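What follows is one structure encoded as structure tokens, with my remarks underneath.
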Amino acid sequence: MSDPQNPAETRPAPGRMARAWQSDLAYSFRHSPVAMISALVVAVLVLSAVFAPWIAPHNPFDPGSLNLMNGFTPPGAPNAFTGDTFLLGTDDQGRDVFSTILYGMRISLFVGFSAVLLAMVIGVVLGLLAGYLGGWVESVIMRTADIQLTFPAILVAMLIFGVAKGITPPEYRDQMAIYVLILAIGLSDWVQFARVVRGATLVEKNRDYVQAARLVGRRPFSIMIRHILPNALNAVLVIATISLALAIIAEATLSFLGVGAPPTKPSLGTLIRIGQGYMFSGEWWILLFPALTLLALALSINLLGDWLRDALNPRLR
Amino acid sequence: MMKHLLLAATAMTLTMGAAQAETLRWARSGDALTLDPHAQNEGPTLAMMQQMMEPLVLRNPAGELEGALATSWTVNPENPDIWTFTLREGVTFHDGAAFTAEDVVFSMERALSENSDMKGLISSVASVEANGDYEVIVTTKGPNPLLPASLPNILMIDKDWAEANSTVDVQDVEGGEETFASQNVNGTGPYMLVSREADVKTEMTRFDGYWGIDEFPMAYSDIVYTPIQNPSTRIAALLSGEVDFIQDVPVQDLQRVEDSDELKIMSSPQNRVIFFGMNVSDELVNGNPEGGNPLADVRVRQAMNMALNRDAIRQVVMRGQSIPAGVIMPPFVSGWTEELNTVPATDLDAARALMAEAGWTDGFSIQLDCPNDRYVNDEAICQATVGMMAQIGITVNLNAQPKAQHFPVVNGLESDFYMMGWGVPSYDSEYIFNFLYHTKGDLYGTWNGTRYSNPQIDEMTQAIAAEVDLEARDATIAQMWDIVKEDVVYLPVHHQMLNWAMRNEVGAAVDADDQVKVKYFTID
């Protein structure tokens, strides 16, 4: 509905994309090679995990499709019995390592994202409540957080995993393992979010605009969500990015210890555990490729988080 | 005071260590499950206890029966039910008490008492009596020519010690009980317990009052036993010199050890067969699928037997270190024949046809319980089996856990499909039927997790224990094997090869039963 008579309408207003492209954040991104490379690596890895069923030559999670005789095939060379060739070789069960990495990364990323989301929701809600309400609510929440901080997160996750495994009936354990992992890592990681959000809430809640909102008769819930939370979001975003890398590592650690993803549906950590058994015997590819993938994934997310922290910090501009 | 003792001890170890390395640092995948000699009839448990306690008759590394606490044994020519064992004189327990006939009576009766896991070994024994201090009369429930061969795993403990520490009753392992005897030892064996932390470390030291101290090499003054579950950590511990001797060598690392100048491998075919057991009763533990328990149908079991590709397991998972098995009897056992051991050809089409015939065209789903620290590549074999079963439509959920959790599940009849291994210390088929095929009860069938119950097999099992005519006995045994093979009660996988790895100077005495007896070890 443009009107050619009106000169003001002939120059279109910058669109959403264009405005985003010209923002400070995007400017900083375009001038940081580390951020761009990291983002590229993350994008490639995430996309290949999401589209694994179309990219991967085999489905390693379907045990019926595996041929044990393909086991221990070196990368790129034909198998001595079957003559099949695999890009990155096969593991001890004859699973194609390349396909298994793609499928395993799906688990790692799914667990990582979901766990961080869970931790974020718990942490933000508890942090807002503690900061805004104060009093005994704050004491209970923050002391719980302090107590939990005295344990290493992985220990808390193992505890939760052990309890959950004990109460799930054995026939559902394999299906439940992934959700239990999410729960375990999510619950062990909410403290960071709660602390930051509480700090921001304490600062904001005495500001004039909050007081004004209160005078107008806004309900506390609405004030917390509409007025205070947006001011803490930058910090939450940075923590979430760095937590994602940590959550992926935590998942790999748990699976490496044999308490995470089941061996029939391996995640990156499970694959590394399997490969570790063949370190001395010359089958290096079973360990190396999943380990490199995990490294690339965790490192680039971490670097991206670092860049985001600096870019959003007004003091560093 | 304590400080001085410690200093002196440190000084002693230092000087001794400088002269020669006399401590045998020994590692394997799992720990002994208990120290109560009659609570668990399990290989690694017995292997550790054999250093500290002794039987009347033992099997030496050459596989021959040898007098340990008994010097000789004879059967009464008039009445073949009566055996006389003459005991070794001048033997003392670690606490200094003398070993006499009453200790033998006590230990044998304890091994036959409630909760004992050793009952099946000596189920033919009716009574044990002392005749003076150094003679024991054993009466059997019928002639049992193989009685001495069933004794090597019946270890002797001191009656007074057990009574003084109120540990007369055998520990109830399935009930999760711990007793004085499950944590302490007072035996007559060549080594004494110094300290033990379950699943972490067990230390033993040479018993200077041992009766055979001049008779056997006994080159090592101390033993430190460390369970290391992870195979590559275990092999790394050997390569780095942290331990001197390991059992359960991962097959993929044999070459690596052989290539090392400081290490060597000692091998032998092992007296141990690996197999899967299935719940053949009407009810599955985790609930029946619609149409009843598929495993109760022999055609389903035959199909599973055909789907199991033993050759692939041997080539890939075991790297050639196994012999495919068609029967759950190690080749050492009397009654073993090539024909019995014939492995069914892997034939997926025939297997699928059998599944369809049994009404399970669409397959079913089942949980497989598997140990992950007991047999060579146990978890990898189970994983491979998951894939093979999937090819005939059976969805298998794998539950791999340490043996300390796995065995109670099997023995508590809480598993529908499980992996197990079996060695036969008596080298006789009766031992297998007694423990694994007889209807599960208090005295017989104690390791039968399949719920298989065949009155004919039960009757024959009890009959062969008392059969003196060896020819008739062999014929009955052959007939029994035919019956159970036809019923496909178990899915045999393979016979393990035994590999021990050690530093060059360790003069180990390899034993087909995988039973380490350090008293025979030398230092080269």
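Please note that chains go A, B, ... in the order of the structure tokens, that every chain numbers its residues from 1, and that ligands are numbered from 1 in the order shown.
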- Message: Give me, as an NGL selection string, all polymer residues having an atom no more than 9 Å from segment 153-157 of chain B, counting only C-alpha atoms and skipping those fewer than 5 positions away in the same chain.
- Response: :B and (37-38 or 41 or 46 or 49-50 or 53-58 or 69 or 93 or 99 or 103-104 or 106-108 or 111 or 118 or 121-122 or 162 or 185-188 or 425)
- Just need the residues of chain A within 10 Å of chain B, counting only C-alpha atoms, so spit them out as a PyMOL selection string. chain A and resi 61-72+92-94+169-175+258+262-264+273-274+276-283
Near-Trp190 of chain A list (7 Å; only C-alpha atoms; drop same-chain fewer than 5 positions) as a PDB file with N, CA, C and O atoms, in the first residue's frame:
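Saved the output as result_13.pdb:
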ATOM      1  N   ALA A 119      17.915 -25.332  33.668  1.00  0.00           N
ATOM      2  CA  ALA A 119      18.668 -24.603  34.693  1.00  0.00           C
ATOM      3  C   ALA A 119      18.304 -23.128  34.660  1.00  0.00           C
ATOM      4  O   ALA A 119      18.167 -22.476  35.694  1.00  0.00           O
ATOM      5  N   MET A 120      18.114 -22.604  33.431  1.00  0.00           N
ATOM      6  CA  MET A 120      17.829 -21.181  33.283  1.00  0.00           C
ATOM      7  C   MET A 120      16.470 -20.854  33.890  1.00  0.00           C
ATOM      8  O   MET A 120      16.332 -19.887  34.645  1.00  0.00           O
ATOM      9  N   ILE A 122      14.732 -22.507  36.163  1.00  0.00           N
ATOM     10  CA  ILE A 122      14.775 -22.635  37.629  1.00  0.00           C
ATOM     11  C   ILE A 122      15.543 -21.463  38.228  1.00  0.00           C
ATOM     12  O   ILE A 122      15.082 -20.797  39.164  1.00  0.00           O
ATOM     13  N   GLY A 123      16.730 -21.193  37.658  1.00  0.00           N
ATOM     14  CA  GLY A 123      17.595 -20.167  38.219  1.00  0.00           C
ATOM     15  C   GLY A 123      16.968 -18.787  38.150  1.00  0.00           C
ATOM     16  O   GLY A 123      17.001 -18.026  39.121  1.00  0.00           O
TER      17      GLY A 123
END
- Task: Report as a VMD selection string: the residues of segment 100-309 of chain A with a DSSP assignment of alpha helix (DSSP H), based on the backbone of this structure.
- Result: chain A and resid 100 to 133 135 to 150 153 to 167 173 to 187 191 to 204 208 to 216 220 to 222 229 to 256 268 to 276 285 to 309
- Note on the structure: Taken to one decimal, the atom CA of Trp26 of chain B-atom CA of Val249 of chain B distance is 12.3 Å
- Residue neighbourhood Thr73 of chain A, 10 Å, only C-alpha atoms, exclusion window fewer than 2 positions, as an MDAnalysis selection string: chainID A and resid 69:71 75:92 94:97 283 285:286
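Atom CA of Asp349 of chain B sits 12.7 Å away from atom CA of Leu308 of chain B.
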